[in-house]
>>> print(open('entry.csv').read())   # CSV, C-alpha atoms
chain,number,residue,atom,x,y,z
A,184,MET,CA,19.6,36.5,7.8
A,185,ARG,CA,23.1,35.2,8.6
A,186,LEU,CA,23.0,37.0,12.0
A,187,LYS,CA,19.7,35.3,12.7
A,188,ASP,CA,20.9,31.9,11.8
A,189,GLY,CA,24.0,32.3,13.9
A,190,LEU,CA,21.9,33.4,16.9
A,191,PHE,CA,19.6,30.4,16.6
A,192,LYS,CA,22.6,28.0,16.5
A,193,VAL,CA,23.9,29.6,19.7
A,194,LEU,CA,20.5,29.3,21.3
A,195,GLU,CA,20.2,25.6,20.3
A,196,SER,CA,23.7,24.9,21.7
A,197,VAL,CA,22.9,26.6,25.0
A,198,ALA,CA,19.5,24.8,25.2
A,199,SER,CA,21.2,21.5,25.3
A,200,THR,CA,22.5,22.3,28.8
A,201,HIS,CA,20.2,25.1,29.9
A,202,GLY,CA,16.9,23.9,28.4
A,203,ARG,CA,14.6,25.6,30.9
A,204,LYS,CA,16.2,29.1,30.6
A,205,VAL,CA,16.3,29.0,26.8
A,206,PHE,CA,12.7,27.7,26.6
A,207,GLU,CA,11.4,30.5,28.8
A,208,ALA,CA,13.4,33.1,26.9
A,209,VAL,CA,12.1,31.9,23.5
A,210,ARG,CA,8.5,31.6,24.9
A,211,ASP,CA,8.8,35.2,26.1
A,212,MET,CA,10.0,36.4,22.7
A,213,LEU,CA,7.1,34.5,21.0
A,214,SER,CA,4.6,36.2,23.3
A,215,ARG,CA,5.8,39.6,22.2
A,216,LEU,CA,5.3,38.9,18.5
A,217,ASN,CA,2.3,40.3,16.7
A,218,GLY,CA,1.5,41.3,13.1
A,219,SER,CA,1.7,39.6,9.7
A,220,GLU,CA,4.6,41.5,8.1
A,221,THR,CA,7.1,39.3,6.4
A,222,HIS,CA,10.0,40.0,8.7
A,223,ILE,CA,7.8,39.2,11.8
A,224,SER,CA,6.4,36.1,10.1
A,225,VAL,CA,9.9,34.8,9.3
A,226,LEU,CA,11.1,35.4,12.9
A,227,TRP,CA,8.0,33.9,14.4
A,228,ALA,CA,8.4,30.7,12.3
A,229,ALA,CA,12.1,30.4,13.2
A,230,LEU,CA,11.3,30.8,16.9
A,231,LEU,CA,8.5,28.3,16.8
A,232,GLU,CA,10.9,25.7,15.3
A,233,LEU,CA,13.4,26.2,18.1
A,234,PHE,CA,10.6,26.4,20.7
A,235,ALA,CA,9.2,23.0,19.5
A,236,LYS,CA,12.6,21.3,19.6
A,237,ILE,CA,13.3,22.4,23.2
A,238,ALA,CA,9.8,21.5,24.3
A,239,LYS,CA,10.0,18.1,22.8
A,240,THR,CA,13.4,17.3,24.1
A,241,ASN,CA,12.6,18.4,27.7
A,242,LYS,CA,8.9,17.3,27.6
A,243,TYR,CA,7.5,20.7,28.3
A,244,TYR,CA,4.2,19.6,26.8
A,245,GLY,CA,1.8,21.6,28.9
A,246,GLU,CA,3.9,24.7,29.0
A,247,ALA,CA,4.2,24.7,25.2
A,248,VAL,CA,0.5,24.8,24.6
A,249,PRO,CA,-0.3,28.5,24.9
A,250,GLU,CA,2.2,29.7,22.2
A,251,LEU,CA,1.4,26.8,19.9
A,252,TYR,CA,-2.3,27.5,20.2
A,253,ARG,CA,-1.7,31.2,19.5
A,254,ALA,CA,0.2,30.3,16.3
A,255,LEU,CA,-2.5,27.8,15.2
A,256,ALA,CA,-5.2,30.4,15.7
A,257,ASN,CA,-3.3,33.2,13.9
A,258,PHE,CA,-5.7,33.6,11.0
A,259,SER,CA,-4.1,36.8,9.8
A,260,CYS,CA,-0.8,35.1,8.8
A,261,ALA,CA,-0.7,31.8,6.9
A,262,TRP,CA,3.0,31.4,7.4
A,263,VAL,CA,2.6,31.5,11.2
A,264,ARG,CA,-0.3,29.1,11.0
A,265,ALA,CA,1.7,26.6,9.0
A,266,SER,CA,4.7,26.9,11.4
A,267,GLY,CA,2.3,26.4,14.3
A,268,VAL,CA,1.0,23.2,12.6
A,269,SER,CA,4.5,21.7,12.1
A,270,ALA,CA,5.6,22.8,15.6
A,271,THR,CA,2.6,21.1,17.2
A,272,ALA,CA,3.3,17.9,15.3
A,273,GLU,CA,6.9,18.1,16.4
A,274,VAL,CA,6.1,18.5,20.1
A,275,PHE,CA,3.2,16.1,20.3
A,276,GLY,CA,4.0,13.6,17.5
A,277,TYR,CA,4.1,10.6,19.8
A,278,HIS,CA,1.8,12.0,22.4
A,279,PRO,CA,-1.3,13.4,20.5
A,280,GLN,CA,-3.5,12.5,23.5
A,281,LEU,CA,-1.9,15.5,25.3
A,282,ILE,CA,-3.1,18.0,22.7
A,283,PRO,CA,-6.1,19.9,24.1
A,284,ASP,CA,-9.3,19.4,22.1
A,285,THR,CA,-9.4,23.0,20.9
A,286,MET,CA,-5.9,22.6,19.4
A,287,MET,CA,-6.7,19.3,17.8
A,288,LYS,CA,-9.8,20.9,16.2
A,289,LEU,CA,-7.6,23.6,14.7
A,290,LEU,CA,-5.2,21.0,13.3
A,291,VAL,CA,-8.0,19.2,11.6
A,292,LEU,CA,-9.5,22.5,10.5
A,293,HIS,CA,-6.2,23.5,8.8
A,294,LEU,CA,-6.5,20.5,6.5
A,295,GLN,CA,-9.1,22.7,4.8
A,296,ASP,CA,-7.1,25.9,5.0
A,297,SER,CA,-7.3,27.9,1.8
A,298,TYR,CA,-3.5,28.4,1.8
A,299,VAL,CA,-1.6,25.5,0.2
A,300,HIS,CA,1.3,25.9,2.5
A,301,VAL,CA,-0.9,25.5,5.6
A,302,HIS,CA,-2.9,22.5,4.5
A,303,LYS,CA,0.3,20.8,3.2
A,304,GLN,CA,1.8,21.2,6.7
A,305,ALA,CA,-1.4,19.8,8.2
A,306,ILE,CA,-1.1,16.8,5.8
A,307,GLY,CA,2.4,16.2,7.0
A,308,ALA,CA,1.3,16.5,10.6
A,309,PHE,CA,-1.3,13.7,10.3
A,310,ARG,CA,1.2,11.6,8.4
A,311,ASP,CA,3.6,11.8,11.4
A,312,MET,CA,1.4,12.0,14.5
A,313,TRP,CA,0.1,8.8,16.1
A,314,ILE,CA,-3.6,9.8,16.4
A,315,GLU,CA,-5.6,7.2,18.4
A,316,ASP,CA,-8.9,9.1,19.0
A,317,ASN,CA,-11.4,7.5,16.7
A,318,ASP,CA,-13.5,10.6,16.2
A,319,VAL,CA,-10.4,12.7,15.2
A,320,GLN,CA,-9.3,9.9,12.9
A,321,ILE,CA,-12.7,9.9,11.0
A,322,VAL,CA,-12.8,13.7,10.6
A,323,ALA,CA,-9.2,13.9,9.6
A,324,CYS,CA,-9.8,11.1,7.0
A,325,LEU,CA,-12.8,12.9,5.6
A,326,ARG,CA,-10.7,16.1,5.1
A,327,LEU,CA,-7.8,14.1,3.6
A,328,LYS,CA,-10.1,12.3,1.2
A,329,GLY,CA,-11.5,15.7,0.1
A,330,LEU,CA,-7.9,16.9,-0.5
A,331,TRP,CA,-7.2,13.7,-2.5
A,332,GLN,CA,-10.1,14.6,-4.8
A,333,ALA,CA,-9.1,18.2,-5.0
A,334,TYR,CA,-5.5,17.4,-6.0
A,335,GLY,CA,-6.4,15.0,-8.8
A,336,ASN,CA,-3.7,16.5,-11.1
A,337,ASN,CA,-0.9,16.7,-8.5
A,338,PRO,CA,0.6,13.3,-7.9
A,339,GLU,CA,3.3,14.7,-5.5
A,340,ILE,CA,0.8,16.1,-3.0
A,341,ARG,CA,-1.5,13.1,-3.5
A,342,ALA,CA,1.4,10.8,-2.4
A,343,ASP,CA,1.6,12.8,0.9
A,344,ILE,CA,-2.1,12.6,1.3
A,345,LEU,CA,-2.2,8.9,0.8
A,346,ALA,CA,0.7,8.5,3.3
A,347,ALA,CA,-1.3,10.4,5.8
A,348,LEU,CA,-4.4,8.3,5.2
A,349,LEU,CA,-2.5,5.1,5.5
A,350,HIS,CA,-1.0,6.3,8.8
A,351,VAL,CA,-4.2,7.5,10.3
A,352,CYS,CA,-6.1,4.3,9.3
A,353,ARG,CA,-3.2,1.9,10.1
A,354,ASP,CA,-5.0,-0.2,12.6
A,355,ASN,CA,-8.6,0.1,11.5
A,356,LYS,CA,-9.8,-2.1,8.6
A,357,GLN,CA,-13.1,-0.3,8.2
A,358,MET,CA,-11.5,3.1,8.0
A,359,TRP,CA,-8.9,1.8,5.5
A,360,HIS,CA,-11.6,0.5,3.2
A,361,ALA,CA,-13.7,3.7,3.6
A,362,PHE,CA,-10.9,6.2,3.0
A,363,ALA,CA,-7.6,4.6,1.8
A,364,CYS,CA,-8.5,1.7,-0.4
A,365,LEU,CA,-9.5,3.5,-3.5
A,366,PRO,CA,-6.7,6.1,-3.3
A,367,SER,CA,-4.3,3.1,-2.9
A,368,LEU,CA,-5.6,1.5,-6.0
A,369,GLU,CA,-5.2,4.7,-7.9
A,370,MET,CA,-1.7,5.4,-6.6
A,371,ALA,CA,-0.7,1.8,-7.5
A,372,LYS,CA,-0.8,2.9,-11.2
A,373,SER,CA,1.6,5.7,-10.6
A,374,GLU,CA,4.5,6.1,-13.0
A,375,GLU,CA,6.8,6.9,-10.1
A,376,PRO,CA,8.0,3.5,-8.8
A,377,PHE,CA,8.3,4.4,-5.1
A,378,ARG,CA,4.7,5.7,-4.9
A,379,ALA,CA,3.4,2.7,-6.8
A,380,GLN,CA,5.2,0.3,-4.6
A,381,SER,CA,4.1,1.9,-1.4
A,382,ALA,CA,0.5,1.7,-2.6
A,383,LEU,CA,0.9,-1.9,-3.6
A,384,GLN,CA,2.4,-2.8,-0.3
A,385,ALA,CA,-0.6,-1.2,1.5
A,386,LEU,CA,-3.0,-3.2,-0.7
A,387,ASP,CA,-1.0,-6.4,-0.2
A,388,GLN,CA,-1.4,-6.0,3.6
A,389,HIS,CA,-5.2,-5.8,3.2
A,390,PHE,CA,-5.4,-8.3,0.3
A,391,THR,CA,-7.6,-10.9,2.1
A,392,ASP,CA,-10.2,-8.2,2.9
A,393,LEU,CA,-10.4,-6.9,-0.7
A,394,SER,CA,-13.5,-7.5,-2.8
A,395,ASP,CA,-13.3,-9.5,-6.0
A,396,GLY,CA,-13.3,-6.3,-8.0
A,397,GLN,CA,-10.6,-4.7,-5.9
A,398,ARG,CA,-8.5,-7.9,-6.1
A,399,VAL,CA,-8.8,-7.7,-9.9
A,400,SER,CA,-7.6,-4.0,-9.8
A,401,PHE,CA,-4.8,-5.0,-7.5
A,402,VAL,CA,-3.6,-7.8,-9.8
A,403,CYS,CA,-3.8,-5.6,-12.9
A,404,ALA,CA,-1.7,-2.9,-11.1
A,405,VAL,CA,0.9,-5.5,-10.1
A,406,LEU,CA,1.2,-6.8,-13.6
A,407,ASP,CA,1.4,-3.2,-14.9
A,408,PHE,CA,4.1,-2.5,-12.3
A,409,ILE,CA,6.2,-5.4,-13.6
A,410,GLU,CA,5.6,-4.5,-17.2
A,411,ARG,CA,6.9,-1.0,-16.7
A,412,ASP,CA,10.1,-2.4,-15.3
A,413,ARG,CA,9.4,-1.1,-11.7
A,414,ILE,CA,11.0,-4.1,-9.9
A,415,GLU,CA,14.7,-4.4,-10.2
A,416,HIS,CA,15.8,-7.6,-11.9
A,417,GLY,CA,16.8,-10.0,-9.2
A,418,ASP,CA,14.8,-8.3,-6.4
A,419,GLU,CA,13.2,-11.6,-5.6
A,420,MET,CA,11.8,-10.5,-2.3
A,421,SER,CA,9.7,-7.8,-3.9
A,422,GLN,CA,8.6,-10.1,-6.7
A,423,SER,CA,7.6,-12.8,-4.2
A,424,SER,CA,5.7,-10.2,-2.1
A,425,PHE,CA,3.6,-8.9,-4.9
A,426,ILE,CA,3.4,-11.5,-7.7
A,427,LEU,CA,2.7,-14.5,-5.5
A,428,ARG,CA,-0.5,-12.8,-4.4
A,429,LEU,CA,-1.9,-14.1,-7.7
A,430,PHE,CA,-2.2,-17.5,-6.0
A,431,ASP,CA,-4.6,-16.1,-3.4
A,432,LEU,CA,-7.2,-15.0,-5.9
A,433,ASP,CA,-10.5,-16.9,-5.8
A,434,GLN,CA,-12.0,-18.5,-9.0
A,435,ARG,CA,-14.2,-15.5,-9.8
A,436,ALA,CA,-11.4,-12.9,-9.6
A,437,VAL,CA,-9.1,-15.0,-11.7
A,438,SER,CA,-11.7,-15.6,-14.3
A,439,VAL,CA,-12.2,-11.9,-14.6
A,440,THR,CA,-8.5,-11.1,-14.8
A,441,GLU,CA,-7.6,-14.0,-17.2
A,442,PRO,CA,-7.5,-11.8,-20.3
A,443,ASP,CA,-5.2,-9.4,-18.5
A,444,MET,CA,-3.0,-12.2,-17.5
A,445,LEU,CA,-2.8,-13.6,-21.0
A,446,LYS,CA,-1.9,-10.1,-22.3
A,447,SER,CA,0.7,-9.5,-19.6
A,448,VAL,CA,2.4,-12.9,-20.1
A,449,LYS,CA,2.8,-12.3,-23.8
A,450,GLN,CA,4.2,-8.8,-23.2
A,451,LEU,CA,6.5,-10.0,-20.5
A,452,GLY,CA,7.8,-12.8,-22.6
A,453,GLY,CA,8.1,-10.5,-25.6
A,454,GLN,CA,10.1,-7.9,-23.7
A,455,LEU,CA,12.4,-10.7,-22.3
A,456,GLN,CA,12.7,-8.7,-19.1
A,457,TYR,CA,11.1,-10.9,-16.5
A,458,PRO,CA,10.7,-14.5,-17.7
A,459,TYR,CA,10.2,-15.8,-14.2
A,460,ALA,CA,7.5,-13.2,-13.5
A,461,ALA,CA,5.8,-14.5,-16.6
A,462,LEU,CA,6.2,-18.0,-15.4
A,463,ILE,CA,4.5,-17.2,-12.1
A,464,ILE,CA,1.5,-15.7,-13.9
A,465,CYS,CA,1.3,-18.9,-15.9
A,466,GLN,CA,1.4,-20.8,-12.6
A,467,ALA,CA,-1.4,-18.6,-11.3
A,468,LEU,CA,-3.6,-19.6,-14.2
A,469,ALA,CA,-2.7,-23.2,-13.8
A,470,HIS,CA,-3.3,-23.1,-10.0
A,471,GLN,CA,-6.9,-22.1,-10.7
A,472,GLY,CA,-7.4,-24.9,-13.3
A,473,TYR,CA,-6.7,-23.0,-16.6
A,474,TRP,CA,-4.4,-25.8,-17.7
A,475,LYS,CA,-4.9,-25.3,-21.5
A,476,GLY,CA,-4.5,-21.6,-21.2
A,477,ALA,CA,-1.4,-21.9,-19.1
A,478,LEU,CA,0.1,-24.5,-21.5
A,479,THR,CA,-0.6,-22.2,-24.5
A,480,LEU,CA,1.0,-19.2,-22.7
A,481,ILE,CA,4.1,-21.1,-21.5
A,482,GLN,CA,4.7,-22.4,-25.0
A,483,ALA,CA,4.4,-18.9,-26.4
A,484,LEU,CA,6.9,-17.7,-23.7
A,485,ASN,CA,9.3,-20.5,-24.7
A,486,ASP,CA,9.1,-19.4,-28.3
A,487,ALA,CA,9.7,-15.8,-27.3
A,488,LEU,CA,12.9,-16.6,-25.4
A,489,PRO,CA,15.9,-17.0,-27.6
A,490,ASP,CA,17.9,-20.2,-27.2
A,491,VAL,CA,21.0,-18.6,-25.7
A,492,GLU,CA,22.9,-19.2,-22.5
A,493,LYS,CA,21.3,-16.3,-20.7
A,494,TRP,CA,17.9,-17.9,-20.8
A,495,ARG,CA,18.9,-21.5,-20.7
A,496,ALA,CA,17.7,-22.1,-17.2
A,497,ALA,CA,14.4,-20.4,-17.8
A,498,LYS,CA,13.8,-22.4,-20.9
A,499,ASP,CA,14.6,-25.7,-19.1
A,500,LEU,CA,12.1,-24.7,-16.4
A,501,ILE,CA,9.5,-23.8,-19.0
A,502,VAL,CA,9.9,-27.3,-20.6
A,503,ALA,CA,9.3,-28.9,-17.2
A,504,LEU,CA,6.3,-26.8,-16.4
A,505,ALA,CA,4.8,-27.3,-19.9
A,506,ALA,CA,4.8,-31.1,-19.2
A,507,VAL,CA,3.0,-30.5,-15.9
A,508,TYR,CA,0.3,-28.4,-17.6
A,509,GLU,CA,-0.1,-30.9,-20.4
A,510,ALA,CA,-0.6,-33.7,-17.9
A,511,GLU,CA,-3.2,-31.8,-16.0
A,512,ALA,CA,-5.0,-30.8,-19.2
A,513,PHE,CA,-5.2,-34.5,-20.2
A,514,ILE,CA,-6.6,-35.4,-16.7
A,515,ALA,CA,-9.1,-32.5,-16.8
A,516,GLY,CA,-10.2,-33.7,-20.2
A,517,GLY,CA,-10.8,-37.3,-18.9
A,518,ASP,CA,-7.7,-38.9,-20.5
A,519,ILE,CA,-6.4,-40.2,-17.2
A,520,GLY,CA,-4.0,-42.8,-18.6
A,521,ARG,CA,-2.2,-40.3,-20.8
A,522,GLY,CA,-2.3,-37.8,-18.1
A,523,LEU,CA,-0.6,-40.0,-15.5
A,524,THR,CA,2.1,-41.0,-18.1
A,525,THR,CA,2.8,-37.3,-18.7
A,526,VAL,CA,2.8,-36.6,-14.9
A,527,LYS,CA,5.7,-39.1,-14.6
A,528,MET,CA,7.6,-37.3,-17.4
A,529,ALA,CA,6.9,-33.9,-15.8
A,530,HIS,CA,8.2,-35.1,-12.5
A,531,THR,CA,11.4,-36.4,-14.1
A,532,LYS,CA,11.9,-33.1,-15.9
A,533,LEU,CA,11.5,-31.1,-12.8
A,534,ILE,CA,13.9,-33.3,-10.9
A,535,GLN,CA,16.4,-33.1,-13.8
A,536,TYR,CA,16.1,-29.3,-13.8
A,537,VAL,CA,17.0,-29.2,-10.1
A,538,GLN,CA,20.0,-31.5,-10.6
A,539,ASP,CA,21.2,-29.5,-13.6
A,540,GLN,CA,21.0,-26.3,-11.5
A,541,LYS,CA,23.0,-27.9,-8.7
A,542,THR,CA,25.6,-29.2,-11.2
A,543,ALA,CA,25.9,-25.8,-12.7
A,544,GLY,CA,26.5,-24.4,-9.3
A,545,SER,CA,23.6,-22.0,-9.5
A,546,GLY,CA,21.1,-22.7,-6.8
A,547,ALA,CA,17.5,-22.2,-7.6
A,548,SER,CA,16.3,-18.7,-6.9
A,549,ARG,CA,13.5,-18.0,-4.4
A,550,ILE,CA,11.0,-17.7,-7.2
A,551,GLU,CA,12.1,-20.9,-9.0
A,552,SER,CA,11.9,-22.8,-5.8
A,553,PHE,CA,8.4,-21.7,-5.3
A,554,ILE,CA,7.4,-22.6,-8.8
A,555,MET,CA,8.8,-26.1,-8.6
A,556,ALA,CA,7.4,-26.7,-5.1
A,557,SER,CA,4.0,-25.6,-6.3
A,558,SER,CA,4.1,-27.7,-9.4
A,559,VAL,CA,5.2,-30.9,-7.7
A,560,ALA,CA,2.7,-30.4,-4.8
A,561,ARG,CA,-0.3,-29.8,-7.1
A,562,SER,CA,0.5,-32.0,-10.1
A,563,ILE,CA,1.9,-35.1,-8.5
A,564,GLU,CA,-0.2,-35.1,-5.3
A,565,GLY,CA,-1.0,-38.7,-4.6
A,566,VAL,CA,0.7,-40.0,-7.7
A,567,GLN,CA,4.2,-41.5,-7.2
A,568,PRO,CA,6.5,-41.6,-10.3
A,569,ASP,CA,6.8,-45.4,-10.1
A,570,GLU,CA,3.1,-45.8,-9.9
A,571,ALA,CA,2.5,-43.6,-13.0
>>> encode(input="entry.csv", output="structure tokens")
Amino acid sequence: MRLKDGLFKVLESVASTHGRKVFEAVRDMLSRLNGSETHISVLWAALLELFAKIAKTNKYYGEAVPELYRALANFSCAWVRASGVSATAEVFGYHPQLIPDTMMKLLVLHLQDSYVHVHKQAIGAFRDMWIEDNDVQIVACLRLKGLWQAYGNNPEIRADILAALLHVCRDNKQMWHAFACLPSLEMAKSEEPFRAQSALQALDQHFTDLSDGQRVSFVCAVLDFIERDRIEHGDEMSQSSFILRLFDLDQRAVSVTEPDMLKSVKQLGGQLQYPYAALIICQALAHQGYWKGALTLIQALNDALPDVEKWRAAKDLIVALAAVYEAEAFIAGGDIGRGLTTVKMAHTKLIQYVQDQKTAGSGASRIESFIMASSVARSIEGVQPDEA
């Protein structure tokens, strides 16, 4: 084994300056290989790896086809087939249009291969290759979705399958909805943070095209993601990317998810992990007109946060927002005079909050700024403090 590894290192080194000669030599060695014995399979796989690197580097696309095809069509040895799949993806990753139809059909076929190692390599190939042919995309997605269902108890392989689906469907909304939407919603609930976040990002990109029910599922997954401490404290870009999507929900979706929001705010406040995330969920309710519910929740959050220095800024912001919600609740209930008086007080508290933060030398965070801007814009629109 060490002798083989040393030999291949030498060949790789020589190929950097004598690519043509090494390529032809390796191709000749590959053409002489036959059989499915272990030692032959290992050598075949190693040669294919080197062969693919040289072909890709020197753009020997057409000349690489015969040996790659022979490996893909080797139905007597799964190891060689798998190596053929990975080698083909290596050579043609950015140029799949150069793959002959017969070879592409074999690549798609190997997504259904009975040997796990083969169809795992095929999943990886479609995750990495930039397939543009619509017919190939559809057939590949059908096979990948079948694998998704077959691997219901294997989250690791499912993550690779979803990555392949998202890559193949990347520019086609209809295909994404047909093949990748439901897997993304399922993966968004993953206990593994990176997998969940990748799925949430994919859903976030297609948010405006989701149905009401799918938006509900997305929001619940986002809230669950936060509750399970999946976003690092202070990672405001991630929080803004996901949580602020709550503001894009239409009335029907929010009304369905209201109980989930109520539950989540209470849990977030009780755990004292993400008070600002809880505030944003309160804002989402308020944004859709659930003023009384938002007021009840924000007061509960205020009670849950201890009156200590760590949470002082959060509690100050809560007091200001509570005044906003109270004012809007009065106005919605027809008590305009009381509402306008409270609006003036709310505006004063928000401004005072900003000034206090500046005095303390702690500029408002990205999320706090959004909350305050949203509150002022919605609650004081058309009403000047002096007029109130």
>>> closest_residue(input="entry.csv", among="A:Gln320, A:Ser400, A:Ser219, A:Ser367", to="Gln380 in chain A", atoms="all atoms listed in the file")
A:Ser367
>>> atom_distance(input="entry.csv", atom1="CA of Asn355 in chain A", atom2="CA of Pro376 in chain A")
26.4 Å
>>> residues_around(input="entry.csv", residues="range 260-262 of chain A", least_positions_apart="3", cutoff="8 Å", atoms="all atoms listed in the file", output="ChimeraX atom specification")
/A:218-219,224-225,228,257,265-266,298,300-301
>>> write_last_selection(input="entry.csv", atoms="C-alpha atoms", output="PDB file, keeping the file's coordinate frame")
ATOM      1  CA  GLY A 218       1.500  41.300  13.100  1.00  0.00           C
ATOM      2  CA  SER A 219       1.700  39.600   9.700  1.00  0.00           C
ATOM      3  CA  SER A 224       6.400  36.100  10.100  1.00  0.00           C
ATOM      4  CA  VAL A 225       9.900  34.800   9.300  1.00  0.00           C
ATOM      5  CA  ALA A 228       8.400  30.700  12.300  1.00  0.00           C
ATOM      6  CA  ASN A 257      -3.300  33.200  13.900  1.00  0.00           C
ATOM      7  CA  ALA A 265       1.700  26.600   9.000  1.00  0.00           C
ATOM      8  CA  SER A 266       4.700  26.900  11.400  1.00  0.00           C
ATOM      9  CA  TYR A 298      -3.500  28.400   1.800  1.00  0.00           C
ATOM     10  CA  HIS A 300       1.300  25.900   2.500  1.00  0.00           C
ATOM     11  CA  VAL A 301      -0.900  25.500   5.600  1.00  0.00           C
TER      12      VAL A 301
END
>>> residues_around(input="entry.csv", residues="Val507 in chain A", least_positions_apart="4", cutoff="7 Å", atoms="all atoms listed in the file", output="JSON, numbers by chain")
{"A": [503, 511, 526, 529, 562]}
>>> closest_residue(input="entry.csv", among="A:Tyr252, A:Trp359, A:Trp313, A:Phe408", to="Leu386 in chain A", atoms="all atoms listed in the file")
A:Trp359
>>> residues_around(input="entry.csv", residues="Asp343 in chain A", least_positions_apart="6", cutoff="10 Å", atoms="all atoms listed in the file", output="ChimeraX atom specification")
/A:303,306-307,309-310,327,331,349,378
>>> decode(input="entry.csv", residues="range 315-349 of chain A", atoms="C-alpha atoms", output="PDB file, in the first residue's frame")
ATOM      1  CA  GLU A 315     -28.563  22.571 -16.726  1.00  0.00           C
ATOM      2  CA  ASP A 316     -30.511  20.070 -18.821  1.00  0.00           C
ATOM      3  CA  ASN A 317     -34.133  20.273 -17.612  1.00  0.00           C
ATOM      4  CA  ASP A 318     -34.948  16.631 -18.388  1.00  0.00           C
ATOM      5  CA  VAL A 319     -31.892  15.417 -16.487  1.00  0.00           C
ATOM      6  CA  GLN A 320     -32.778  17.693 -13.570  1.00  0.00           C
ATOM      7  CA  ILE A 321     -36.295  16.302 -13.316  1.00  0.00           C
ATOM      8  CA  VAL A 322     -35.240  12.654 -13.467  1.00  0.00           C
ATOM      9  CA  ALA A 323     -32.408  13.235 -10.995  1.00  0.00           C
ATOM     10  CA  CYS A 324     -34.797  14.992  -8.583  1.00  0.00           C
ATOM     11  CA  LEU A 325     -37.268  12.121  -8.812  1.00  0.00           C
ATOM     12  CA  ARG A 326     -34.501   9.669  -7.898  1.00  0.00           C
ATOM     13  CA  LEU A 327     -33.205  11.913  -5.112  1.00  0.00           C
ATOM     14  CA  LYS A 328     -36.675  12.325  -3.639  1.00  0.00           C
ATOM     15  CA  GLY A 329     -37.039   8.546  -3.640  1.00  0.00           C
ATOM     16  CA  LEU A 330     -33.773   8.285  -1.723  1.00  0.00           C
ATOM     17  CA  TRP A 331     -34.988  10.956   0.712  1.00  0.00           C
ATOM     18  CA  GLN A 332     -37.978   8.794   1.554  1.00  0.00           C
ATOM     19  CA  ALA A 333     -35.880   5.628   1.751  1.00  0.00           C
ATOM     20  CA  TYR A 334     -33.429   7.193   4.214  1.00  0.00           C
ATOM     21  CA  GLY A 335     -36.038   8.466   6.653  1.00  0.00           C
ATOM     22  CA  ASN A 336     -33.986   7.301   9.637  1.00  0.00           C
ATOM     23  CA  ASN A 337     -30.599   8.503   8.422  1.00  0.00           C
ATOM     24  CA  PRO A 338     -30.266  12.290   8.886  1.00  0.00           C
ATOM     25  CA  GLU A 339     -26.647  12.327   7.684  1.00  0.00           C
ATOM     26  CA  ILE A 340     -27.427  10.908   4.244  1.00  0.00           C
ATOM     27  CA  ARG A 341     -30.625  12.957   4.125  1.00  0.00           C
ATOM     28  CA  ALA A 342     -28.560  16.115   4.562  1.00  0.00           C
ATOM     29  CA  ASP A 343     -26.493  15.161   1.489  1.00  0.00           C
ATOM     30  CA  ILE A 344     -29.658  14.344  -0.478  1.00  0.00           C
ATOM     31  CA  LEU A 345     -31.206  17.715   0.375  1.00  0.00           C
ATOM     32  CA  ALA A 346     -27.978  19.492  -0.590  1.00  0.00           C
ATOM     33  CA  ALA A 347     -28.127  17.734  -3.973  1.00  0.00           C
ATOM     34  CA  LEU A 348     -31.816  18.614  -4.422  1.00  0.00           C
ATOM     35  CA  LEU A 349     -31.225  22.253  -3.591  1.00  0.00           C
TER      36      LEU A 349
END
